[in-house]
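Coordinates as given in query15.txt (compact mmCIF, C-alpha atoms):
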# COMPACT_ATOMS: atom_id res chain seq x y z
CA MET A 163 -2.33 15.17 -37.11
CA LEU A 164 -4.94 15.92 -34.51
CA SER A 165 -3.69 15.25 -31.08
CA LEU A 166 -5.29 17.76 -28.82
CA LEU A 167 -7.35 17.20 -25.76
CA THR A 168 -8.53 20.11 -23.76
CA MET A 169 -9.29 18.71 -20.41
CA GLN A 170 -11.56 20.14 -17.85
CA LYS A 171 -11.53 19.31 -14.24
CA ILE A 172 -14.54 17.33 -13.14
CA ARG A 173 -14.95 16.62 -9.49
CA TYR A 174 -17.47 13.83 -9.53
CA PRO A 175 -17.62 10.66 -11.58
CA PHE A 176 -21.23 11.15 -12.70
CA ALA A 177 -20.01 14.10 -14.75
CA THR A 178 -17.09 12.22 -16.16
CA SER A 179 -18.93 10.26 -18.82
CA LYS A 180 -20.00 13.47 -20.53
CA TYR A 181 -16.40 14.42 -21.04
CA LEU A 182 -15.12 10.89 -21.46
CA GLY A 183 -16.87 10.77 -24.82
CA ASN A 184 -14.87 13.74 -26.03
CA ILE A 185 -11.69 12.29 -24.69
CA MET A 186 -12.32 8.93 -26.29
CA LEU A 187 -13.10 10.65 -29.56
CA GLY A 188 -9.90 12.60 -29.30
CA PHE A 189 -7.85 9.54 -28.75
CA GLN A 190 -9.65 7.63 -31.44
CA TYR A 191 -8.94 10.38 -33.92
CA SER A 192 -5.30 10.55 -32.91
CA VAL A 193 -4.92 6.84 -33.00
CA ASN A 194 -6.78 6.47 -36.28
CA SER A 195 -4.27 8.70 -37.94
CA ARG A 196 -1.88 5.80 -37.47
CA GLU A 197 -4.42 3.16 -38.48
CA PRO A 198 -4.10 1.15 -35.32
CA SER A 199 -5.84 -2.10 -34.58
CA LYS A 200 -9.06 -2.11 -32.57
CA PRO A 201 -7.50 -3.68 -29.48
CA PHE A 202 -5.07 -0.81 -29.55
CA ILE A 203 -7.89 1.65 -29.08
CA SER A 204 -9.62 -0.45 -26.48
CA ASP A 205 -6.47 -0.48 -24.39
CA TYR A 206 -6.79 3.26 -23.98
CA LEU A 207 -10.45 3.08 -23.24
CA THR A 208 -9.75 0.52 -20.54
CA VAL A 209 -7.10 2.73 -19.04
CA ILE A 210 -9.36 5.74 -19.26
CA SER A 211 -12.40 4.05 -17.80
CA GLU A 212 -10.37 2.57 -14.96
CA ARG A 213 -8.38 5.62 -14.09
CA ALA A 214 -10.34 8.62 -15.19
CA SER A 215 -12.44 10.47 -12.73
CA TYR A 216 -11.34 13.95 -13.42
CA PHE A 217 -8.75 15.78 -15.41
CA ASN A 218 -6.60 18.68 -14.52
CA PRO A 219 -6.77 21.58 -16.93
CA SER A 220 -4.32 20.44 -19.49
CA PHE A 221 -3.36 20.58 -23.09
CA TYR A 222 -2.48 17.23 -24.50
CA SER A 223 -0.49 16.54 -27.62
CA LEU A 224 1.30 13.58 -29.05
CA ASN A 225 5.01 13.82 -29.24
CA ASP A 226 6.54 13.81 -32.69
CA SER A 227 8.79 10.98 -31.62
CA CYS A 228 5.72 8.79 -31.35
CA ILE A 229 6.15 7.16 -34.72
CA SER A 230 5.29 3.52 -34.32
CA GLU A 231 2.10 2.00 -33.01
CA LYS A 232 3.95 0.39 -30.13
CA ALA A 233 5.81 3.57 -29.23
CA CYS A 234 2.61 5.54 -29.53
CA LYS A 235 0.81 3.10 -27.28
CA ILE A 236 3.48 3.23 -24.61
CA GLN A 237 3.65 7.00 -24.73
CA LEU A 238 -0.08 7.44 -24.57
CA ILE A 239 -0.53 5.08 -21.67
CA THR A 240 2.31 6.76 -19.81
CA GLU A 241 0.90 10.19 -20.41
CA ILE A 242 -2.64 9.12 -19.60
CA ASN A 243 -1.42 7.75 -16.30
CA ASN A 244 0.43 10.98 -15.64
CA ILE A 245 -2.59 13.12 -16.43
CA LEU A 246 -5.40 11.18 -14.82
CA GLU A 247 -5.92 11.05 -11.11
CA PRO A 248 -8.62 9.20 -9.26
CA SER A 249 -10.99 11.64 -7.65
CA ILE A 250 -11.85 11.81 -4.02
CA ALA A 251 -15.22 10.34 -4.97
CA GLU A 252 -13.51 7.11 -5.92
CA TYR A 253 -12.05 6.94 -2.42
CA TYR A 254 -15.48 7.32 -0.88
CA ARG A 255 -16.52 4.27 -2.87
CA LYS A 256 -13.44 2.37 -1.75
CA LEU A 257 -14.14 3.30 1.83
CA GLU A 258 -17.61 1.78 1.50
CA GLU A 259 -16.01 -1.46 0.37
CA ILE A 260 -13.41 -1.41 3.12
CA LYS A 261 -15.88 -0.87 5.93
CA ASN A 262 -17.87 -3.90 4.75
CA LEU A 263 -14.90 -6.25 4.85
CA PRO A 264 -15.44 -9.34 7.00
CA ASN A 265 -13.13 -10.25 9.83
CA ASP A 266 -10.12 -12.24 8.64
CA TRP A 267 -10.35 -10.26 5.40
CA ASN A 268 -6.75 -11.12 4.54
CA GLY A 269 -6.71 -14.73 5.71
CA LEU A 270 -4.31 -13.75 8.47
CA GLY A 271 -6.82 -13.21 11.23
CA SER A 272 -6.99 -9.44 10.87
CA ILE A 273 -10.05 -7.73 12.31
CA SER A 274 -11.98 -5.63 9.84
CA PRO A 275 -12.20 -1.84 10.12
CA ASN A 276 -15.17 -0.82 12.27
CA GLU A 277 -17.67 2.04 12.13
CA ILE A 278 -15.44 4.33 14.22
CA ALA A 279 -12.52 3.96 11.80
CA ALA A 280 -14.88 4.42 8.86
CA GLN A 281 -16.49 7.58 10.29
CA ASN A 282 -13.12 9.17 10.97
CA SER A 283 -11.98 8.22 7.48
CA TYR A 284 -15.11 9.80 6.00
CA ALA A 285 -14.41 12.98 7.93
CA LEU A 286 -10.86 12.92 6.67
CA LEU A 287 -11.94 12.44 3.06
CA ASN A 288 -14.28 15.40 3.46
CA VAL A 289 -11.36 17.57 4.54
CA LEU A 290 -9.24 16.25 1.68
CA ASP A 291 -12.07 17.00 -0.74
CA GLU A 292 -12.33 20.57 0.58
CA LYS A 293 -8.62 21.02 0.00
CA ASP A 294 -8.78 19.26 -3.36
CA PHE A 295 -6.02 16.95 -2.19
CA THR A 296 -6.23 13.41 -3.54
CA PRO A 297 -4.57 10.51 -1.70
CA GLN A 298 -2.67 7.74 -3.42
CA GLN A 299 -4.37 4.85 -1.66
CA ILE A 300 -6.95 3.94 0.91
CA GLY A 301 -6.88 0.48 2.41
CA PRO A 302 -7.52 -1.57 5.51
CA SER A 303 -4.76 -1.79 8.08
CA VAL A 304 -3.73 -5.23 9.34
CA ASN A 305 -3.60 -3.53 12.73
CA GLU A 306 -7.32 -2.80 12.87
CA GLY A 307 -8.13 0.39 11.06
CA ILE A 308 -8.04 2.25 7.77
CA ALA A 309 -4.96 3.82 6.21
CA ILE A 310 -5.11 6.76 3.81
CA SER A 311 -1.78 7.17 2.07
CA PHE A 312 0.00 9.80 0.01
CA VAL A 313 3.11 9.58 -2.14
CA LYS A 314 4.99 12.08 -4.23
CA ASP A 315 8.51 11.53 -5.45
CA SER A 316 10.22 9.95 -2.43
CA LYS A 317 7.91 11.53 0.13
CA TYR A 318 5.26 9.51 1.89
CA ALA A 319 2.48 10.24 4.34
CA ILE A 320 -0.05 7.94 5.96
CA ILE A 321 -3.04 8.90 8.08
CA THR A 322 -4.36 5.86 9.93
CA CYS A 323 -7.78 5.83 11.56
CA TYR A 324 -7.80 2.97 14.06
CA ASN A 325 -10.81 1.04 15.26
CA ASP A 326 -10.39 2.39 18.79
CA GLY A 327 -10.72 5.97 17.54
CA GLU A 328 -7.07 6.87 17.65
CA ILE A 329 -5.71 8.66 14.58
CA PHE A 330 -2.03 8.83 13.68
CA VAL A 331 -0.27 10.85 11.02
CA SER A 332 3.10 9.66 9.76
CA THR A 333 5.29 11.51 7.28
CA PHE A 334 8.56 10.12 6.01
CA ARG A 335 10.95 9.94 3.12
CA GLU A 336 11.84 6.72 1.40
CA MET A 337 14.81 6.08 3.66
CA GLY A 338 14.37 8.64 6.43
CA GLU A 339 13.13 8.57 9.99
CA PRO A 340 9.37 8.86 10.23
CA ASP A 341 7.69 11.77 11.98
CA ILE A 342 4.72 10.26 13.82
CA VAL A 343 2.05 12.26 15.65
CA GLN A 344 -1.32 11.41 17.14
CA ILE A 345 -4.21 13.75 16.43
CA LYS A 346 -7.77 14.10 17.66
CA ASP A 347 -10.85 13.51 15.54
CA SER A 348 -12.07 17.11 15.59
CA TYR A 349 -12.50 18.99 12.33
CA SER A 350 -9.73 21.44 13.21
CA ASP A 351 -7.28 18.62 14.04
CA LEU A 352 -8.08 16.77 10.84
CA LYS A 353 -7.70 19.97 8.86
CA ASP A 354 -4.36 20.75 10.50
CA ALA A 355 -3.20 17.21 9.76
CA VAL A 356 -4.21 17.44 6.12
CA ASP A 357 -2.49 20.82 5.83
CA ARG A 358 0.67 19.36 7.34
CA VAL A 359 0.62 16.35 5.02
CA TYR A 360 -0.08 18.58 2.03
CA ALA A 361 2.84 20.83 2.89
CA PHE A 362 5.15 17.86 3.35
CA ILE A 363 4.12 16.04 0.19
CA ASN A 364 4.15 19.15 -1.99
CA GLY A 365 6.96 20.98 -0.24
CA MET B 7 5.06 -20.40 -9.32
CA VAL B 8 5.42 -23.51 -7.18
CA ASP B 9 2.01 -25.10 -6.66
CA HIS B 10 2.95 -27.69 -4.06
CA ILE B 11 4.84 -27.60 -0.80
CA PRO B 12 8.44 -28.78 -1.37
CA PRO B 13 9.80 -31.49 0.96
CA GLU B 14 12.32 -29.09 2.52
CA MET B 15 9.49 -26.96 3.89
CA TYR B 16 7.97 -29.69 6.06
CA ARG B 17 8.93 -29.66 9.70
CA ASN B 18 9.35 -33.44 9.97
CA GLY B 19 9.78 -33.36 13.72
CA ARG B 20 12.58 -30.81 13.72
CA GLY B 21 12.86 -28.55 16.75
CA GLU B 22 13.17 -24.78 16.94
CA ASP B 23 16.40 -23.06 15.97
CA GLN B 24 16.58 -19.66 17.62
CA LYS B 25 20.05 -18.83 16.28
CA PHE B 26 19.74 -16.14 13.62
CA ASP B 27 22.78 -14.83 11.77
CA PRO B 28 22.52 -11.05 11.23
CA ASN B 29 23.14 -11.65 7.51
CA GLU B 30 20.38 -14.24 7.17
CA ASP B 31 17.67 -13.24 4.71
CA LEU B 32 14.06 -13.08 5.79
CA TYR B 33 11.28 -13.33 3.21
CA ILE B 34 7.98 -11.49 3.46
CA ARG B 35 4.86 -11.48 1.28
CA PHE B 36 2.69 -8.47 0.54
CA LYS B 37 -0.32 -7.54 -1.53
CA THR B 38 0.12 -3.83 -2.11
CA LEU B 39 2.90 -1.39 -2.90
CA LEU B 40 2.87 2.23 -1.83
CA GLY B 41 5.18 4.05 -4.21
CA ASN B 42 8.43 2.08 -4.06
CA LEU B 43 7.69 0.54 -0.68
CA VAL B 44 5.62 -2.32 0.63
CA ALA B 45 2.45 -0.64 1.89
CA PRO B 46 3.20 -0.14 5.61
CA ASN B 47 -0.43 -0.79 6.59
CA GLU B 48 0.09 -4.41 5.46
CA ILE B 49 2.93 -4.98 7.93
CA ARG B 50 1.70 -6.45 11.16
CA CYS B 51 2.78 -5.45 14.62
CA PRO B 52 3.31 -7.11 17.13
CA ASN B 53 3.89 -10.27 15.10
CA GLN B 54 4.91 -10.15 11.46
CA SER B 55 5.33 -13.53 9.77
CA VAL B 56 8.39 -14.21 7.62
CA ASN B 57 10.25 -17.21 6.19
CA ARG B 58 13.92 -17.54 7.14
CA SER B 59 16.34 -18.35 4.33
CA LYS B 60 18.29 -20.87 6.43
CA TYR B 61 15.41 -23.29 5.98
CA CYS B 62 13.75 -21.88 2.88
CA SER B 63 15.83 -22.04 -0.29
CA LYS B 64 13.54 -19.90 -2.44
CA PRO B 65 11.95 -16.57 -1.53
CA GLU B 66 8.76 -17.42 -3.46
CA TYR B 67 7.98 -20.20 -1.00
CA VAL B 68 6.63 -17.44 1.21
CA LEU B 69 3.54 -17.52 -1.02
CA LEU B 70 2.87 -21.21 -0.48
CA SER B 71 -0.15 -22.24 1.48
CA LYS B 72 -2.80 -24.98 1.61
CA TYR B 73 -5.08 -23.07 -0.67
CA PRO B 74 -4.01 -20.35 -3.11
CA LYS B 75 -4.86 -17.31 -1.04
CA TYR B 76 -1.55 -15.64 -1.84
CA LEU B 77 -1.66 -16.04 -5.61
CA GLY B 78 -0.73 -12.78 -7.21
CA TRP B 79 0.94 -11.37 -4.10
CA GLY B 80 4.43 -9.98 -4.19
CA TYR B 81 7.36 -10.89 -2.01
CA GLY B 82 10.57 -9.34 -0.79
CA SER B 83 13.50 -9.83 1.52
CA PHE B 84 15.48 -8.11 4.23
CA LYS B 85 18.31 -9.10 6.58
CA VAL B 86 17.92 -10.02 10.21
CA SER B 87 20.16 -7.03 10.94
CA GLU B 88 17.62 -4.77 9.21
CA ILE B 89 14.83 -5.47 11.67
CA PRO B 90 13.94 -2.07 13.18
CA GLU B 91 16.02 -1.12 16.17
CA PRO B 92 14.55 -0.82 19.66
CA LYS B 93 12.81 2.43 20.48
CA ARG B 94 12.12 4.20 23.73
CA LEU B 95 9.11 6.48 23.78
CA GLU B 96 9.22 9.74 25.68
CA GLY B 97 5.90 8.92 27.27
CA GLY B 98 7.32 5.68 28.64
CA GLY B 99 8.05 2.19 27.48
CA TYR B 100 11.00 0.47 25.87
CA TYR B 101 10.04 -1.40 22.72
CA GLU B 102 12.05 -4.15 21.01
CA PHE B 103 11.48 -6.19 17.86
CA ILE B 104 12.88 -9.69 18.06
CA ILE B 105 12.86 -12.47 15.49
CA LYS B 106 11.62 -15.84 16.77
CA HIS B 107 11.67 -19.16 14.94
CA GLU B 108 8.13 -20.56 15.10
CA PRO B 109 8.05 -23.63 12.85
CA GLU B 110 4.78 -24.83 11.38
CA GLU B 111 4.15 -28.38 10.20
CA GLU B 112 4.17 -27.33 6.54
CA ASN B 113 6.60 -24.45 6.89
CA TYR B 114 9.60 -25.22 9.06
CA SER B 115 11.16 -21.87 8.17
CA HIS B 116 8.24 -19.85 9.55
CA SER B 117 9.34 -17.13 11.94
CA GLU B 118 7.81 -14.05 13.47
CA ILE B 119 9.14 -10.63 14.33
CA LYS B 120 7.58 -9.97 17.69
CA ALA B 121 7.23 -6.64 19.43
CA TYR B 122 7.96 -6.45 23.15
CA LYS B 123 7.17 -3.66 25.55
CA ASP B 124 9.50 -3.56 28.55
CA ARG B 125 10.48 -7.18 27.75
CA ASN B 126 6.86 -8.36 27.72
CA TYR B 127 5.15 -9.81 24.67
CA ASN B 128 1.61 -8.72 23.84
CA GLN B 129 -0.37 -11.83 22.90
CA SER B 130 -2.87 -10.05 20.62
CA LYS B 131 -2.05 -10.69 16.98
CA THR B 132 -3.37 -7.43 15.58
CA ARG B 133 -3.53 -4.99 18.45
CA PHE B 134 -0.55 -3.43 20.18
CA SER B 135 -0.44 -1.16 23.19
CA SER B 136 1.26 1.69 21.35
CA LYS B 137 0.04 2.81 17.92
CA HIS B 138 3.09 5.03 17.71
CA ILE B 139 5.25 1.91 17.83
CA VAL B 140 3.00 0.14 15.31
CA GLU B 141 3.49 3.01 12.86
CA TYR B 142 7.23 3.18 13.57
CA PHE B 143 7.70 -0.55 13.00
CA GLN B 144 5.57 -0.65 9.85
CA ILE B 145 7.40 2.26 8.23
CA LYS B 146 10.92 1.28 9.27
CA LEU B 147 10.46 -2.30 8.09
CA SER B 148 8.85 -1.27 4.79
CA GLN B 149 11.90 0.92 4.13
CA GLN B 150 14.20 -2.10 4.46
CA ILE B 151 12.36 -4.59 2.28
CA LYS B 152 14.00 -5.31 -1.05
CA ILE B 153 11.19 -6.11 -3.44
CA LEU B 154 11.84 -9.32 -5.35
CA LYS B 155 8.48 -9.65 -7.07
CA ASN B 156 5.77 -7.06 -7.47
CA PRO B 157 2.18 -8.08 -6.81
CA ASP B 158 0.16 -8.82 -9.96
Do you think you could lay out the structure here as structure tokens?
Amino acid sequence: MLSLLTMQKIRYPFATSKYLGNIMLGFQYSVNSREPSKPFISDYLTVISERASYFNPSFYSLNDSCISEKACKIQLITEINNILEPSIAEYYRKLEEIKNLPNDWNGLGSISPNEIAAQNSYALLNVLDEKDFTPQQIGPSVNEGIAISFVKDSKYAIITCYNDGEIFVSTFREMGEPDIVQIKDSYSDLKDAVDRVYAFING
Amino acid sequence: MVDHIPPEMYRNGRGEDQKFDPNEDLYIRFKTLLGNLVAPNEIRCPNQSVNRSKYCSKPEYVLLSKYPKYLGWGYGSFKVSEIPEPKRLEGGGYYEFIIKHEPEEENYSHSEIKAYKDRNYNQSKTRFSSKHIVEYFQIKLSQQIKILKNPD
């Protein structure tokens, strides 16, 4: 049974397709050993194409307990989701979408993020990229701005870039009191904030 | 999913009822989860809309609207007693979050959690004088919401 995927970290999506072929081949080979149906394979490809932007150095193998097609499918999808992380580049693309939202983007009268919030978010993504630290989400804030969020286990952090230029960093546990601080938009402040969030999330 | 507004939801000339029991459930809709929590950046301050259970028999009614803009959203609940507690900032200002019944013609149960600074209500729907309080309210409320249905 072949079930190995040697994964190489790729920082930018344009490089991903080169490796995606190998990965797809690997999965196809693994899956074919169990004679799965075509939709079965396409499920993985969908997951891969939606989620894959880069891979951490990793050695992938199917578990011996993966004996049925259904069990194999569940295990593979779970492990794919565990392995794959969206790259920072994906967040740059999302930011482009967010900054082009119209007013009342949520049907609740919310004002769209403006250029100030977008520029600060870009600067923040640059710092995150330098540190190789990928957020969980980026999205518009109903309170006029852009929120970049991080989650690991029960630890959460949100950096919000507001339309008026103010930037706030909040760190908290699932049921704990939040620690909320305002920072400036200078490179050193953003870097300190990212370092603090990184230490909290990975601490 | 209910695709029409049930008769109980119409106001039908009924007046406001500002008496809230601390154990009354409040229902909230949301589009995004962050980990196990409702994404805090989707919680509005100074005026977050909710449906109150006293006049809304089903939590999913919080997704009802004239056109299906909330299809696929999730919803959750929390108690009146779980509304974030007042907070005083070191830099000044005493902030309170108070539930107000604000009936609409097609949603009698509609209510809003309003933020007050030093007993005054800020009329802006999406902008509040203190971002620190916005963040505090969003996070504290997201921690209290029991998720009843995940977004699609």
Could you give me, as number ranges by chain, the residues within 12 Å of region 117-128 of chain B, counting all atoms listed in the file and dropping anything in the same chain fewer than 6 positions from it?
-> B: 22-26, 31-34, 49-62, 68, 86, 88-95, 98-110, 134-137, 139-140, 142-144, 147
With the cut-off set at 6 Å and counting all atoms listed in the file, tabulate each residue of chain B with an atom at most that distance from an atom of chain A, showing the nearest atom pair and its distance in Å to one decimal, ordered by chain and increasing number, as a Markdown table.
| residue | atom | partner | partner_atom | distance |
| --- | --- | --- | --- | --- |
| B:Asn47 | CA | A:Ser303 | CA | 4.7 |
| B:Glu48 | CA | A:Val304 | CA | 5.5 |
| B:Arg50 | CA | A:Val304 | CA | 5.9 |
| B:Thr132 | CA | A:Asn305 | CA | 4.8 |
| B:Arg133 | CA | A:Asn305 | CA | 5.9 |
| B:Gln149 | CA | A:Met337 | CA | 5.9 |
Write out, as a short mmCIF file (atom, residue, chain, number, x, y, z; two decimals), in the coordinates of the input, the residues just selected, with C-alpha atoms.
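Writing the result to again20.cif gives the following:
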data_model
loop_
_atom_site.label_atom_id
_atom_site.label_comp_id
_atom_site.auth_asym_id
_atom_site.auth_seq_id
_atom_site.Cartn_x
_atom_site.Cartn_y
_atom_site.Cartn_z
CA ASN B 47 -0.43 -0.79 6.59
CA GLU B 48 0.09 -4.41 5.46
CA ARG B 50 1.70 -6.45 11.16
CA THR B 132 -3.37 -7.43 15.58
CA ARG B 133 -3.53 -4.99 18.45
CA GLN B 149 11.90 0.92 4.13
#
Would you kindly return, as an MDAnalysis selection string, each protein, DNA or RNA residue with an atom no farther than 9 Å from any atom of Asn156 (chain B), considering all atoms listed in the file and excluding same-chain residues fewer than 6 positions away?
-> chainID B and resid 36:39 78:82
Saved selection, atoms kept: C-alpha atoms, as a short mmCIF file (atom, residue, chain, number, x, y, z; two decimals), in the coordinates of the input:
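Dumped to again34.cif:
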data_model
loop_
_atom_site.label_atom_id
_atom_site.label_comp_id
_atom_site.auth_asym_id
_atom_site.auth_seq_id
_atom_site.Cartn_x
_atom_site.Cartn_y
_atom_site.Cartn_z
CA PHE B 36 2.69 -8.47 0.54
CA LYS B 37 -0.32 -7.54 -1.53
CA THR B 38 0.12 -3.83 -2.11
CA LEU B 39 2.90 -1.39 -2.90
CA GLY B 78 -0.73 -12.78 -7.21
CA TRP B 79 0.94 -11.37 -4.10
CA GLY B 80 4.43 -9.98 -4.19
CA TYR B 81 7.36 -10.89 -2.01
CA GLY B 82 10.57 -9.34 -0.79
#
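Environment of (-8.8, 20.9, 2.5): residues at most 10 Å away, judged by all atoms listed in the file, are A:Leu286, A:Leu287, A:Asn288, A:Val289, A:Leu290, A:Asp291, A:Glu292, A:Lys293, A:Asp294, A:Phe295, A:Thr296, A:Leu352, A:Lys353, A:Asp354, A:Ala355, A:Val356, A:Asp357, A:Tyr360.
What separates CA of Asp27 (chain B) from CA of Ser148 (chain B) is a distance of 20.7 Å.
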